[in-house]
Each structure stands twice: as structure tokens, then as C-alpha cells.
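Source file structure-v6.cif; content: mmCIF, C-alpha atoms and all ligand atoms.
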data_structure
loop_
_atom_site.group_PDB
_atom_site.id
_atom_site.type_symbol
_atom_site.label_atom_id
_atom_site.label_comp_id
_atom_site.auth_asym_id
_atom_site.auth_seq_id
_atom_site.Cartn_x
_atom_site.Cartn_y
_atom_site.Cartn_z
ATOM 1 C CA MET A 1 -3.371 59.030 6.156
ATOM 2 C CA ILE A 2 -5.979 58.523 8.855
ATOM 3 C CA LYS A 3 -4.946 56.471 11.872
ATOM 4 C CA GLN A 4 -6.102 52.854 11.830
ATOM 5 C CA PRO A 5 -7.569 52.927 8.298
ATOM 6 C CA CYS A 6 -9.901 50.026 7.779
ATOM 7 C CA ILE A 7 -11.814 48.293 4.994
ATOM 8 C CA LEU A 8 -15.231 46.811 5.712
ATOM 9 C CA ASN A 9 -16.307 44.085 3.285
ATOM 10 C CA ASP A 10 -20.034 43.368 3.246
ATOM 11 C CA VAL A 11 -20.473 39.968 1.613
ATOM 12 C CA THR A 12 -24.251 40.420 1.337
ATOM 13 C CA ARG A 13 -23.751 43.361 -1.044
ATOM 14 C CA CYS A 14 -21.063 41.802 -3.247
ATOM 15 C CA ILE A 15 -22.178 40.688 -6.720
ATOM 16 C CA GLY A 16 -18.837 39.186 -7.722
ATOM 17 C CA CYS A 17 -18.223 41.613 -10.576
ATOM 18 C CA GLU A 18 -14.488 41.875 -9.739
ATOM 19 C CA GLU A 19 -14.407 45.622 -10.362
ATOM 20 C CA CYS A 20 -12.431 45.772 -7.100
ATOM 21 C CA VAL A 21 -9.790 43.519 -8.633
ATOM 22 C CA ALA A 22 -9.556 45.772 -11.680
ATOM 23 C CA GLY A 23 -9.511 48.901 -9.503
ATOM 24 C CA CYS A 24 -6.635 47.512 -7.471
ATOM 25 C CA LYS A 25 -4.682 46.769 -10.621
ATOM 26 C CA ARG A 26 -5.282 50.269 -11.995
ATOM 27 C CA VAL A 27 -4.214 52.078 -8.850
ATOM 28 C CA ASN A 28 -1.219 49.870 -8.223
ATOM 29 C CA GLU A 29 -0.213 49.636 -11.882
ATOM 30 C CA LEU A 30 -0.329 45.852 -11.873
ATOM 31 C CA PRO A 31 -0.421 44.063 -15.224
ATOM 32 C CA VAL A 32 -3.718 42.729 -16.480
ATOM 33 C CA GLU A 33 -3.511 38.954 -16.415
ATOM 34 C CA ASP A 34 -3.645 36.490 -19.249
ATOM 35 C CA SER A 35 -6.375 33.920 -19.047
ATOM 36 C CA ALA A 36 -3.740 31.254 -18.296
ATOM 37 C CA PRO A 37 -2.937 30.972 -14.585
ATOM 38 C CA ARG A 38 0.365 32.570 -13.637
ATOM 39 C CA VAL A 39 3.113 30.366 -12.199
ATOM 40 C CA GLY A 40 2.629 30.069 -8.458
ATOM 41 C CA SER A 41 -1.029 31.050 -8.592
ATOM 42 C CA SER A 42 -3.275 29.096 -6.247
ATOM 43 C CA SER A 43 -6.931 28.195 -6.459
ATOM 44 C CA ASP A 44 -8.023 31.536 -5.012
ATOM 45 C CA ARG A 45 -6.248 33.233 -7.961
ATOM 46 C CA LEU A 46 -4.315 35.578 -5.718
ATOM 47 C CA ASN A 47 -0.861 36.027 -7.171
ATOM 48 C CA ALA A 48 1.992 38.499 -7.294
ATOM 49 C CA ASN A 49 0.009 40.730 -9.653
ATOM 50 C CA ARG A 50 -3.435 40.158 -8.188
ATOM 51 C CA TRP A 51 -3.622 41.470 -4.647
ATOM 52 C CA THR A 52 -7.329 40.997 -4.133
ATOM 53 C CA THR A 53 -9.613 38.334 -5.508
ATOM 54 C CA ILE A 54 -13.166 37.026 -5.350
ATOM 55 C CA ILE A 55 -13.909 33.550 -4.042
ATOM 56 C CA ARG A 56 -17.244 31.930 -4.868
ATOM 57 C CA THR A 57 -18.589 29.695 -2.150
ATOM 58 C CA GLU A 58 -20.653 26.585 -2.789
ATOM 59 C CA SER A 59 -23.721 28.492 -1.636
ATOM 60 C CA GLY A 60 -23.121 31.136 -4.300
ATOM 61 C CA ALA A 61 -21.782 33.929 -2.092
ATOM 62 C CA THR A 62 -18.910 35.977 -3.463
ATOM 63 C CA VAL A 63 -16.247 36.854 -0.913
ATOM 64 C CA ARG A 64 -13.416 39.284 -1.467
ATOM 65 C CA LYS A 65 -10.031 38.111 -0.261
ATOM 66 C CA GLN A 66 -7.136 40.446 0.500
ATOM 67 C CA CYS A 67 -4.523 41.085 3.177
ATOM 68 C CA ARG A 68 -6.250 41.685 6.510
ATOM 69 C CA HIS A 69 -3.642 44.171 7.736
ATOM 70 C CA CYS A 70 -3.605 42.357 11.047
ATOM 71 C CA ILE A 71 -3.159 44.374 14.209
ATOM 72 C CA GLU A 72 -0.501 41.869 15.268
ATOM 73 C CA PRO A 73 0.684 40.529 11.930
ATOM 74 C CA ALA A 74 2.288 37.098 11.907
ATOM 75 C CA CYS A 75 4.114 37.980 8.685
ATOM 76 C CA VAL A 76 5.878 40.871 10.413
ATOM 77 C CA SER A 77 6.708 38.845 13.501
ATOM 78 C CA VAL A 78 8.522 36.091 11.589
ATOM 79 C CA CYS A 79 10.438 38.210 9.077
ATOM 80 C CA PRO A 80 14.075 37.964 10.225
ATOM 81 C CA VAL A 81 15.146 41.201 8.527
ATOM 82 C CA GLY A 82 12.098 43.429 8.988
ATOM 83 C CA ALA A 83 11.108 43.551 5.317
ATOM 84 C CA LEU A 84 7.444 43.472 6.330
ATOM 85 C CA GLN A 85 6.439 46.301 8.617
ATOM 86 C CA LYS A 86 3.324 47.357 10.445
ATOM 87 C CA THR A 87 3.173 51.105 9.783
ATOM 88 C CA ALA A 88 2.289 53.591 12.508
ATOM 89 C CA GLU A 89 -1.005 54.250 10.710
ATOM 90 C CA GLY A 90 -1.958 50.572 10.438
ATOM 91 C CA PRO A 91 -1.335 49.075 6.968
ATOM 92 C CA VAL A 92 1.249 46.299 6.683
ATOM 93 C CA VAL A 93 3.785 47.114 3.979
ATOM 94 C CA TYR A 94 6.809 45.444 2.416
ATOM 95 C CA ASP A 95 10.314 46.618 1.479
ATOM 96 C CA SER A 96 11.766 44.476 -1.290
ATOM 97 C CA ASP A 97 15.245 45.977 -0.839
ATOM 98 C CA ILE A 98 15.496 44.410 2.610
ATOM 99 C CA CYS A 99 13.758 41.099 1.842
ATOM 100 C CA MET A 100 16.145 38.139 1.667
ATOM 101 C CA GLY A 101 13.656 35.756 0.096
ATOM 102 C CA CYS A 102 13.194 33.323 3.003
ATOM 103 C CA ARG A 103 9.395 33.437 2.512
ATOM 104 C CA TYR A 104 8.710 32.823 6.217
ATOM 105 C CA CYS A 105 5.934 35.403 5.885
ATOM 106 C CA MET A 106 4.142 33.166 3.397
ATOM 107 C CA MET A 107 4.247 30.245 5.817
ATOM 108 C CA ALA A 108 3.218 32.320 8.807
ATOM 109 C CA CYS A 109 0.260 34.268 7.424
ATOM 110 C CA PRO A 110 -2.907 32.658 8.794
ATOM 111 C CA TYR A 111 -4.897 33.848 5.792
ATOM 112 C CA GLY A 112 -2.578 32.654 3.019
ATOM 113 C CA ILE A 113 -2.002 36.100 1.573
ATOM 114 C CA PRO A 114 1.609 36.869 0.571
ATOM 115 C CA ARG A 115 2.592 35.606 -2.860
ATOM 116 C CA TYR A 116 5.989 35.329 -4.497
ATOM 117 C CA GLU A 117 7.161 36.316 -7.934
ATOM 118 C CA TRP A 118 8.213 32.780 -8.777
ATOM 119 C CA ASP A 119 8.768 33.551 -12.447
ATOM 120 C CA SER A 120 10.827 36.710 -11.931
ATOM 121 C CA VAL A 121 14.621 36.848 -11.998
ATOM 122 C CA VAL A 122 14.435 39.352 -9.121
ATOM 123 C CA PRO A 123 11.504 37.961 -7.139
ATOM 124 C CA ARG A 124 9.603 39.924 -4.528
ATOM 125 C CA VAL A 125 6.908 39.062 -2.036
ATOM 126 C CA ARG A 126 3.694 40.793 -3.102
ATOM 127 C CA LYS A 127 0.396 41.498 -1.388
ATOM 128 C CA CYS A 128 -2.201 44.204 -0.788
ATOM 129 C CA VAL A 129 -0.641 47.218 0.926
ATOM 130 C CA MET A 130 -3.913 49.087 1.475
ATOM 131 C CA CYS A 131 -2.704 51.584 -1.151
ATOM 132 C CA TYR A 132 -0.570 52.986 1.662
ATOM 133 C CA GLU A 133 1.910 55.122 -0.269
ATOM 134 C CA LYS A 134 -0.650 56.522 -2.690
ATOM 135 C CA ILE A 135 -2.989 57.558 0.103
ATOM 136 C CA LEU A 136 -0.080 58.934 2.148
ATOM 137 C CA ALA A 137 1.030 60.993 -0.858
ATOM 138 C CA GLY A 138 -2.502 62.328 -1.319
ATOM 139 C CA GLU A 139 -2.842 60.790 -4.795
ATOM 140 C CA ILE A 140 -6.041 59.011 -3.748
ATOM 141 C CA ASP A 141 -8.270 59.351 -0.692
ATOM 142 C CA LYS A 142 -9.367 55.726 -0.489
ATOM 143 C CA PRO A 143 -8.100 52.389 -1.842
ATOM 144 C CA GLY A 144 -8.626 51.631 -5.514
ATOM 145 C CA CYS A 145 -10.728 48.571 -4.757
ATOM 146 C CA VAL A 146 -13.115 50.594 -2.598
ATOM 147 C CA SER A 147 -13.536 53.361 -5.194
ATOM 148 C CA ALA A 148 -14.214 50.807 -7.926
ATOM 149 C CA CYS A 149 -16.974 48.851 -6.197
ATOM 150 C CA PRO A 150 -20.365 49.692 -7.726
ATOM 151 C CA LYS A 151 -22.319 48.199 -4.820
ATOM 152 C CA GLU A 152 -20.574 49.752 -1.823
ATOM 153 C CA ALA A 153 -19.778 46.198 -0.808
ATOM 154 C CA THR A 154 -16.441 47.452 0.375
ATOM 155 C CA SER A 155 -16.087 50.632 2.448
ATOM 156 C CA PHE A 156 -13.198 52.623 3.882
ATOM 157 C CA GLY A 157 -12.805 54.636 7.081
ATOM 158 C CA THR A 158 -11.222 54.378 10.495
ATOM 159 C CA ARG A 159 -11.437 51.054 12.281
ATOM 160 C CA ASP A 160 -13.805 52.533 14.843
ATOM 161 C CA GLU A 161 -16.036 53.912 12.078
ATOM 162 C CA MET A 162 -16.104 50.607 10.220
ATOM 163 C CA LEU A 163 -16.866 48.643 13.388
ATOM 164 C CA ALA A 164 -19.716 51.044 14.146
ATOM 165 C CA GLU A 165 -21.028 50.750 10.581
ATOM 166 C CA ALA A 166 -20.838 46.961 10.742
ATOM 167 C CA ARG A 167 -22.778 46.914 14.016
ATOM 168 C CA ARG A 168 -25.324 49.360 12.598
ATOM 169 C CA ARG A 169 -25.994 47.190 9.533
ATOM 170 C CA ILE A 170 -26.312 43.986 11.575
ATOM 171 C CA ALA A 171 -28.682 45.663 14.046
ATOM 172 C CA ALA A 172 -30.785 47.223 11.264
ATOM 173 C CA GLU A 173 -31.206 43.926 9.367
ATOM 174 C CA PRO A 174 -30.610 41.022 11.757
ATOM 175 C CA GLY A 175 -32.152 38.543 9.324
ATOM 176 C CA ARG A 176 -29.690 39.496 6.641
ATOM 177 C CA TYR A 177 -26.444 38.959 8.555
ATOM 178 C CA ILE A 178 -24.779 36.434 10.820
ATOM 179 C CA ASP A 179 -24.298 38.310 14.093
ATOM 180 C CA HIS A 180 -20.523 38.439 13.845
ATOM 181 C CA ILE A 181 -17.846 40.821 12.616
ATOM 182 C CA TRP A 182 -14.929 38.836 11.188
ATOM 183 C CA GLY A 183 -11.665 40.600 11.969
ATOM 184 C CA GLU A 184 -12.884 42.330 15.087
ATOM 185 C CA LYS A 185 -11.128 39.844 17.356
ATOM 186 C CA GLU A 186 -9.776 36.875 15.376
ATOM 187 C CA ILE A 187 -6.031 36.393 15.705
ATOM 188 C CA GLY A 188 -5.731 39.717 17.472
ATOM 189 C CA GLY A 189 -8.052 41.611 15.153
ATOM 190 C CA SER A 190 -7.371 43.258 11.820
ATOM 191 C CA ASN A 191 -7.826 46.404 9.773
ATOM 192 C CA VAL A 192 -9.983 44.568 7.248
ATOM 193 C CA LEU A 193 -13.387 43.520 8.582
ATOM 194 C CA TYR A 194 -16.202 41.404 7.144
ATOM 195 C CA ILE A 195 -19.914 41.060 7.729
ATOM 196 C CA SER A 196 -21.714 38.283 5.947
ATOM 197 C CA HIS A 197 -24.645 35.926 5.552
ATOM 198 C CA VAL A 198 -22.282 32.955 5.152
ATOM 199 C CA ASP A 199 -19.632 31.679 7.549
ATOM 200 C CA LEU A 200 -16.214 33.076 6.617
ATOM 201 C CA SER A 201 -13.957 30.921 8.757
ATOM 202 C CA PHE A 202 -12.831 29.179 5.552
ATOM 203 C CA LEU A 203 -10.684 32.238 4.814
ATOM 204 C CA ALA A 204 -8.265 31.275 7.580
ATOM 205 C CA TRP A 205 -5.618 28.613 7.265
ATOM 206 C CA GLN A 206 -7.424 25.797 9.076
ATOM 207 C CA GLU A 207 -9.820 25.463 6.191
ATOM 208 C CA LEU A 208 -7.413 26.541 3.511
ATOM 209 C CA SER A 209 -5.430 23.364 4.089
ATOM 210 C CA GLN A 210 -8.385 21.170 3.126
ATOM 211 C CA PRO A 211 -8.369 19.426 -0.275
ATOM 212 C CA GLY A 212 -9.599 21.758 -2.991
ATOM 213 C CA GLY A 213 -9.132 24.771 -0.781
ATOM 214 C CA ASP A 214 -6.763 27.669 -0.990
ATOM 215 C CA SER A 215 -2.992 27.658 -0.477
ATOM 216 C CA PRO A 216 -2.271 25.145 2.268
ATOM 217 C CA LEU A 217 -0.946 26.562 5.513
ATOM 218 C CA PRO A 218 -0.602 23.460 7.687
ATOM 219 C CA GLU A 219 -0.554 23.981 11.398
ATOM 220 C CA ARG A 220 2.693 22.051 11.740
ATOM 221 C CA THR A 221 4.529 24.627 9.646
ATOM 222 C CA TRP A 222 3.463 27.486 11.833
ATOM 223 C CA HIS A 223 4.189 25.639 15.057
ATOM 224 C CA ALA A 224 7.492 24.320 13.753
ATOM 225 C CA LEU A 225 8.514 27.789 12.718
ATOM 226 C CA ARG A 226 7.771 29.172 16.141
ATOM 227 C CA LYS A 227 9.938 26.482 17.757
ATOM 228 C CA VAL A 228 13.057 27.138 15.691
ATOM 229 C CA PRO A 229 15.694 28.482 18.104
ATOM 230 C CA ALA A 230 16.265 32.181 17.669
ATOM 231 C CA GLU A 231 20.034 31.681 17.344
ATOM 232 C CA PHE A 232 19.548 29.256 14.460
ATOM 233 C CA VAL A 233 17.180 31.583 12.693
ATOM 234 C CA GLY A 234 19.587 34.443 13.305
ATOM 235 C CA MET A 235 22.609 32.642 11.872
ATOM 236 C CA GLY A 236 20.639 31.205 8.963
ATOM 237 C CA ALA A 237 19.129 34.579 8.281
ATOM 238 C CA LEU A 238 22.491 36.253 8.359
ATOM 239 C CA MET A 239 24.137 33.803 5.963
ATOM 240 C CA THR A 240 21.197 33.598 3.599
ATOM 241 C CA GLY A 241 20.625 37.313 3.846
ATOM 242 C CA VAL A 242 24.153 38.268 2.886
ATOM 243 C CA TRP A 243 24.014 36.010 -0.142
ATOM 244 C CA TRP A 244 20.517 37.161 -1.100
ATOM 245 C CA VAL A 245 21.140 40.894 -0.799
ATOM 246 C CA VAL A 246 24.417 40.769 -2.742
ATOM 247 C CA ASP A 247 23.003 38.519 -5.445
ATOM 248 C CA ARG A 248 19.831 40.576 -5.699
ATOM 249 C CA ARG A 249 21.742 43.816 -6.142
ATOM 250 C CA ILE A 250 23.926 42.289 -8.852
ATOM 251 C CA ARG A 251 20.865 40.984 -10.712
ATOM 252 C CA ARG A 252 19.051 44.296 -10.392
ATOM 253 C CA GLN A 253 22.091 46.160 -11.623
ATOM 254 C CA LYS A 254 22.290 43.871 -14.660
ATOM 255 C CA GLU A 255 18.567 44.225 -15.297
ATOM 256 C CA SER A 256 18.833 47.999 -15.032
ATOM 257 C CA GLU A 257 21.748 48.074 -17.470
ATOM 258 C CA LEU A 258 19.840 45.894 -19.927
ATOM 259 C CA GLN A 259 16.911 48.300 -19.740
ATOM 260 C CA GLY A 260 19.131 51.282 -20.434
ATOM 261 C CA GLY A 261 20.079 52.243 -16.895
ATOM 262 C CA GLY A 262 18.126 54.248 -14.359
ATOM 263 C CA ALA A 263 17.220 53.886 -10.718
ATOM 264 C CA ASP A 264 15.893 50.697 -9.170
ATOM 265 C CA HIS A 265 12.162 51.207 -8.777
ATOM 266 C CA GLU A 266 9.500 49.045 -7.218
HETATM 267 S S1 LIG A 301 -3.193 38.877 6.547
HETATM 268 FE FE1 LIG A 301 -1.225 37.823 6.458
HETATM 269 S S2 LIG A 301 0.038 39.125 5.138
HETATM 270 FE FE2 LIG A 301 -1.703 40.367 5.819
HETATM 271 S S3 LIG A 301 -0.957 41.420 7.688
HETATM 272 FE FE3 LIG A 301 -2.014 39.533 8.355
HETATM 273 S S4 LIG A 301 -0.330 38.037 8.515
HETATM 274 FE FE4 LIG A 301 0.441 39.727 7.267
HETATM 275 S S1 LIG A 302 -6.475 48.230 -0.540
HETATM 276 FE FE1 LIG A 302 -5.318 48.896 -2.366
HETATM 277 S S2 LIG A 302 -3.713 47.336 -2.608
HETATM 278 FE FE2 LIG A 302 -5.292 46.455 -1.236
HETATM 279 S S3 LIG A 302 -6.702 45.332 -2.575
HETATM 280 FE FE3 LIG A 302 -7.525 47.393 -2.334
HETATM 281 S S4 LIG A 302 -6.698 48.547 -4.098
HETATM 282 FE FE4 LIG A 302 -5.468 46.691 -3.874
HETATM 283 S S1 LIG A 303 -16.412 45.422 -6.927
HETATM 284 FE FE1 LIG A 303 -17.746 45.249 -5.113
HETATM 285 S S2 LIG A 303 -19.513 44.038 -5.812
HETATM 286 FE FE2 LIG A 303 -17.908 43.772 -7.358
HETATM 287 S S3 LIG A 303 -16.789 41.907 -6.716
HETATM 288 FE FE3 LIG A 303 -15.719 43.623 -5.776
HETATM 289 S S4 LIG A 303 -16.592 43.868 -3.743
HETATM 290 FE FE4 LIG A 303 -18.010 42.586 -4.948
#

Just give me the structure as C-alpha cells.
Ligand code: SF4
Ligand code: SF4
Ligand code: SF4
Amino acid sequence: MIKQPCILNDVTRCIGCEECVAGCKRVNELPVEDSAPRVGSSSDRLNANRWTTIIRTESGATVRKQCRHCIEPACVSVCPVGALQKTAEGPVVYDSDICMGCRYCMMACPYGIPRYEWDSVVPRVRKCVMCYEKILAGEIDKPGCVSACPKEATSFGTRDEMLAEARRRIAAEPGRYIDHIWGEKEIGGSNVLYISHVDLSFLAWQELSQPGGDSPLPERTWHALRKVPAEFVGMGALMTGVWWVVDRRIRRQKESELQGGGADHE
């Protein structure tokens, strides 16, 4: 995989067709959803089986939402057992075998991304992984969402290439874009960037906590979490983790036996 892979979302080109959502599901073998909202789904419709989604703004713009693959990811920094990892290449990935189910990552993410398999007997945290393993294995050369987009509203390359492309488009058509690249600097910058004709600050938690918005991520939760003494977190993590890992393995073993045996796959 290229170093610092990056997705550039151009809101001005998006028509809201949701082919990116379908492409993500195809590549990542996620089930097609029923029309009824899944348990734990929020108003943005992201859920454990829907890792990217389209939000329609009041002005009619359609904005793709997905994990930003932050350069300094809050989800990684709060995970007591290292289940979320920033890879050397750049994407932020998740190891369900290590996860102890504390869901600190869900509270910490400033963009309200990670979702939980609330209705599963062996729940995992789920989110966009930038198709990391499939690209690393050479199965695909770009993320499924990017390949599926009929309007080139979402592009893939190195972060430097995507920043240059974003600057080129803004300079070429200054009347079309707000002169800003979301994700270049916010919260340390990210490997998913946006250019747009509408303000996109609503994608971050400050606005998500407003009535009618996306999953609430109140500031007090984040600040409270940061103030928990490390020793307390460590002891709590240890006790909860031991219980969680043992219980999880027992449940997975039972599930595997019920399904006729076989290895434990993600
Ligand atoms: S957007 Fe959220 S889940 Fe994704 S890397 Fe950043 S903090 Fe983690
Ligand atoms: S980068 Fe891959 S996992 Fe992420 S939304 Fe696109 S297709 Fe889905
Ligand atoms: S496939 Fe492209 S145009 Fe369609 S909703 Fe997704 S980003 Fe927008």
C-alpha cells in the first residue's frame, strides 16, 4: 500500500446516489440492509454494517461521511488495550480479538464514527478501515467506495497528491468552492479530506450533539475521559478485559461449534 493513502471527497461533485455505500458493502462483504433501521443506528445511518453514508444538508448538498483516518486518532489514544491501531501506512484499523468492549473509542472520536454491533452475541466495534487489508493484499488498488463513484466525487491517492488536487480545484474554480480543505489541519489533520461549497463543520462532534443531529458526542464526555486517572483506567481495563476476553472466546467457540466448527474469522 502507498504511504499516507488519502481519500479526497469533493462535495460539489456528489449527487447523493450512494453508489459509494454499495461499493463499500461489496468490497467489505457487508450485508445489504433492510429498510428498517438497525438497532443502534443513528440519524446519519452509519451502523456496524454501513461504514460510509450520505448526509443531506438543509441546503441540499450531499456529504459523504466515513472514518477520517486521523493522523493522531483519538480512538487509538483512548483504547486501553490497543485494539484500534494507526498503521504505518496511515489507515486506522481494528482488531476484534483484542477489543474488550469498553467502547471508549466511540466516546472519543470527534466525528462520531465507530459503531457497535449492539444486536450481536459477539459484538465488535465497526468502522471504515480504508479497505486496508484488501489493498495491502493487492486484491484492489483503491477503496471500493472510490471505484464505485460515478462522478469522481471521491478520489484516492497519497495525502500530498490529494492536498495538491484539492488546492488545484479550488484555485481553478474559486467561485465553486469555499477556500478551505477540511481535514488538512483540523484535530491534527486526517487522511480523508473534503472540499465543498457548504460548511462542513457540522461533521464534527460540536454540531453532532445538537438536537436532530448525528450521534451525540458531548464535550463533557471527552474531557471527563481524559481526566480519568491512568491507574484507574488501567485497573478497570485489566478487570474488564480479563472478563471480556474470556467470555468472548467462550461465546465464539460456542458459535463456531453451532456453525459446524472452523476457525474464528472476522
Ligand atoms: S475519525 Fe474517529 S474513528 Fe476514525 S480515526 Fe479519527 S478518531 Fe478514529
Ligand atoms: S475506504 Fe473502504 S471501508 Fe472505507 S468507506 Fe470506502 S470502501 Fe468502505
Ligand atoms: S457514489 Fe459518488 S456521487 Fe454517489 S453518493 Fe457517493 S460520493 Fe456522491

Show me, as CSV, the residues of chain A having an atom within 6 Å of ligand LIG 301 (chain A), each with the closest atom pair and its distance in Å, using all atoms listed in the file.
residue,atom,partner,partner_atom,distance
A:Cys67,CA,A:LIG301,FE2,3.9
A:Arg68,CA,A:LIG301,S1,4.2
A:His69,CA,A:LIG301,S3,3.8
A:Cys70,CA,A:LIG301,FE3,4.2
A:Pro73,CA,A:LIG301,S4,4.3
A:Ala74,CA,A:LIG301,S4,4.4
A:Cys75,CA,A:LIG301,FE4,4.3
A:Val92,CA,A:LIG301,S3,5.4
A:Cys109,CA,A:LIG301,S4,4.0
A:Pro110,CA,A:LIG301,FE1,5.9
A:Tyr111,CA,A:LIG301,S1,5.4
A:Ile113,CA,A:LIG301,S2,5.1
A:Pro114,CA,A:LIG301,S2,5.3

Kindly compile the residues surrounding ligand LIG 303 (chain A) within 8 Å, counting all atoms listed in the file, and format them as a PyMOL selection string.
chain A and resi 9-11+13-21+54+62-64+145-146+148-154

Selection as a PDB file with C-alpha atoms, keeping the file's coordinate frame: residues within 9 Å of ligand LIG 302 (chain A) by all atoms listed in the file:
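Output below, filename pocket.pdb:
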ATOM      1  CA  ILE A   7     -11.814  48.293   4.994  1.00  0.00           C
ATOM      2  CA  CYS A  20     -12.431  45.772  -7.100  1.00  0.00           C
ATOM      3  CA  VAL A  21      -9.790  43.519  -8.633  1.00  0.00           C
ATOM      4  CA  ALA A  22      -9.556  45.772 -11.680  1.00  0.00           C
ATOM      5  CA  GLY A  23      -9.511  48.901  -9.503  1.00  0.00           C
ATOM      6  CA  CYS A  24      -6.635  47.512  -7.471  1.00  0.00           C
ATOM      7  CA  LYS A  25      -4.682  46.769 -10.621  1.00  0.00           C
ATOM      8  CA  ARG A  26      -5.282  50.269 -11.995  1.00  0.00           C
ATOM      9  CA  VAL A  27      -4.214  52.078  -8.850  1.00  0.00           C
ATOM     10  CA  ASN A  28      -1.219  49.870  -8.223  1.00  0.00           C
ATOM     11  CA  ARG A  50      -3.435  40.158  -8.188  1.00  0.00           C
ATOM     12  CA  TRP A  51      -3.622  41.470  -4.647  1.00  0.00           C
ATOM     13  CA  THR A  52      -7.329  40.997  -4.133  1.00  0.00           C
ATOM     14  CA  THR A  53      -9.613  38.334  -5.508  1.00  0.00           C
ATOM     15  CA  LYS A  65     -10.031  38.111  -0.261  1.00  0.00           C
ATOM     16  CA  GLN A  66      -7.136  40.446   0.500  1.00  0.00           C
ATOM     17  CA  CYS A  67      -4.523  41.085   3.177  1.00  0.00           C
ATOM     18  CA  LYS A 127       0.396  41.498  -1.388  1.00  0.00           C
ATOM     19  CA  CYS A 128      -2.201  44.204  -0.788  1.00  0.00           C
ATOM     20  CA  VAL A 129      -0.641  47.218   0.926  1.00  0.00           C
ATOM     21  CA  MET A 130      -3.913  49.087   1.475  1.00  0.00           C
ATOM     22  CA  CYS A 131      -2.704  51.584  -1.151  1.00  0.00           C
ATOM     23  CA  TYR A 132      -0.570  52.986   1.662  1.00  0.00           C
ATOM     24  CA  LYS A 134      -0.650  56.522  -2.690  1.00  0.00           C
ATOM     25  CA  LYS A 142      -9.367  55.726  -0.489  1.00  0.00           C
ATOM     26  CA  PRO A 143      -8.100  52.389  -1.842  1.00  0.00           C
ATOM     27  CA  GLY A 144      -8.626  51.631  -5.514  1.00  0.00           C
ATOM     28  CA  CYS A 145     -10.728  48.571  -4.757  1.00  0.00           C
ATOM     29  CA  VAL A 146     -13.115  50.594  -2.598  1.00  0.00           C
ATOM     30  CA  SER A 147     -13.536  53.361  -5.194  1.00  0.00           C
ATOM     31  CA  ALA A 148     -14.214  50.807  -7.926  1.00  0.00           C
TER      32      ALA A 148
END

Suppose you want the space between CA of Glu58 in chain A and CA of Ile178 in chain A; what is it in Å?
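Computing it gives 17.3 Å between the two atoms.
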
Contact residues around Gly183 in chain A with all atoms listed in the file at 12 Å, ignoring same-chain residues under 5 positions, as a list in words:
Cys6, Ile7, Leu8, Asn9, Cys67, Arg68, His69, Cys70, Ile71, Glu72, Tyr111, Arg159, Met162, Leu163, Ala166, Gly188, Gly189, Ser190, Asn191, Val192, Leu193, Tyr194, Ile195, Ser196, Leu200, Ser201, Leu203 and Ala204 of chain A

Could you jot down the CA of Gln4 in chain A to CA of Leu136 in chain A separation for me, Å, one decimal place?
12.9 Å

With distances taken over only C-alpha atoms, which of A:Val198, A:Gly138, A:Leu46, A:Pro91 is nearest to Arg126 in chain A?
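Once distances to Arg126 in chain A are computed over only C-alpha atoms, the minimum belongs to A:Leu46.
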
Between A:Ser120, A:Glu33, A:Tyr104, A:Asp44, which one has atoms that come closest to Ser77 in chain A, using only C-alpha atoms?
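That would be A:Tyr104, the residue with the smallest distance to Ser77 in chain A.
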
For the provided coordinates, the residues matched by the PyMOL selection byres (((chain A and resi 95) around 12) and not hetatm) should be stated as a ChimeraX atom specification.
/A:76,79,81-87,92-94,96-101,124-127,129,265-266

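Here CA of Glu89 in chain A is placed at a distance of 7.1 Å from CA of Pro5 in chain A.
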
Using all atoms of range 177-196 of chain A that appear in the file, construct an axis-aligned enclosing box with 3 Å of padding on every side and provide its centre coordinates and edge lengths in Å, rounded to one decimal, as AutoDock Vina command-line options.
--center_x -16.1 --center_y 41.4 --center_z 11.7 --size_x 26.7 --size_y 16.0 --size_z 17.5

Generate all heavy atoms for range 180-184 of chain A and emit them as a short mmCIF file (atom, residue, chain, number, x, y, z; two decimals), in the coordinates of the input.
data_model
loop_
_atom_site.label_atom_id
_atom_site.label_comp_id
_atom_site.auth_asym_id
_atom_site.auth_seq_id
_atom_site.Cartn_x
_atom_site.Cartn_y
_atom_site.Cartn_z
N HIS A 180 -21.96 38.57 13.58
CA HIS A 180 -20.52 38.44 13.84
C HIS A 180 -19.78 39.39 12.92
O HIS A 180 -20.15 39.57 11.76
CB HIS A 180 -20.06 37.00 13.59
CG HIS A 180 -18.63 36.76 13.95
ND1 HIS A 180 -18.19 36.65 15.26
CD2 HIS A 180 -17.51 36.63 13.18
CE1 HIS A 180 -16.89 36.45 15.28
NE2 HIS A 180 -16.45 36.44 14.02
N ILE A 181 -18.72 39.98 13.45
CA ILE A 181 -17.85 40.82 12.62
C ILE A 181 -16.50 40.12 12.53
O ILE A 181 -15.75 40.09 13.50
CB ILE A 181 -17.68 42.24 13.21
CG1 ILE A 181 -19.05 42.91 13.38
CG2 ILE A 181 -16.77 43.09 12.32
CD1 ILE A 181 -18.99 44.22 14.16
N TRP A 182 -16.21 39.51 11.37
CA TRP A 182 -14.93 38.84 11.19
C TRP A 182 -13.82 39.89 11.12
O TRP A 182 -13.92 40.87 10.38
CB TRP A 182 -14.93 38.00 9.90
CG TRP A 182 -15.65 36.70 10.05
CD1 TRP A 182 -15.12 35.50 10.40
CD2 TRP A 182 -17.06 36.46 9.84
NE1 TRP A 182 -16.09 34.53 10.44
CE2 TRP A 182 -17.28 35.08 10.09
CE3 TRP A 182 -18.13 37.27 9.47
CZ2 TRP A 182 -18.55 34.51 9.99
CZ3 TRP A 182 -19.39 36.71 9.37
CH2 TRP A 182 -19.59 35.34 9.63
N GLY A 183 -12.79 39.66 11.93
CA GLY A 183 -11.66 40.60 11.97
C GLY A 183 -11.71 41.52 13.17
O GLY A 183 -10.75 42.22 13.45
N GLU A 184 -12.84 41.49 13.88
CA GLU A 184 -12.88 42.33 15.09
C GLU A 184 -11.92 41.77 16.14
O GLU A 184 -11.18 42.51 16.77
CB GLU A 184 -14.30 42.41 15.65
CG GLU A 184 -14.38 43.29 16.88
CD GLU A 184 -15.80 43.45 17.40
OE1 GLU A 184 -16.69 42.68 16.98
OE2 GLU A 184 -16.01 44.37 18.23
#
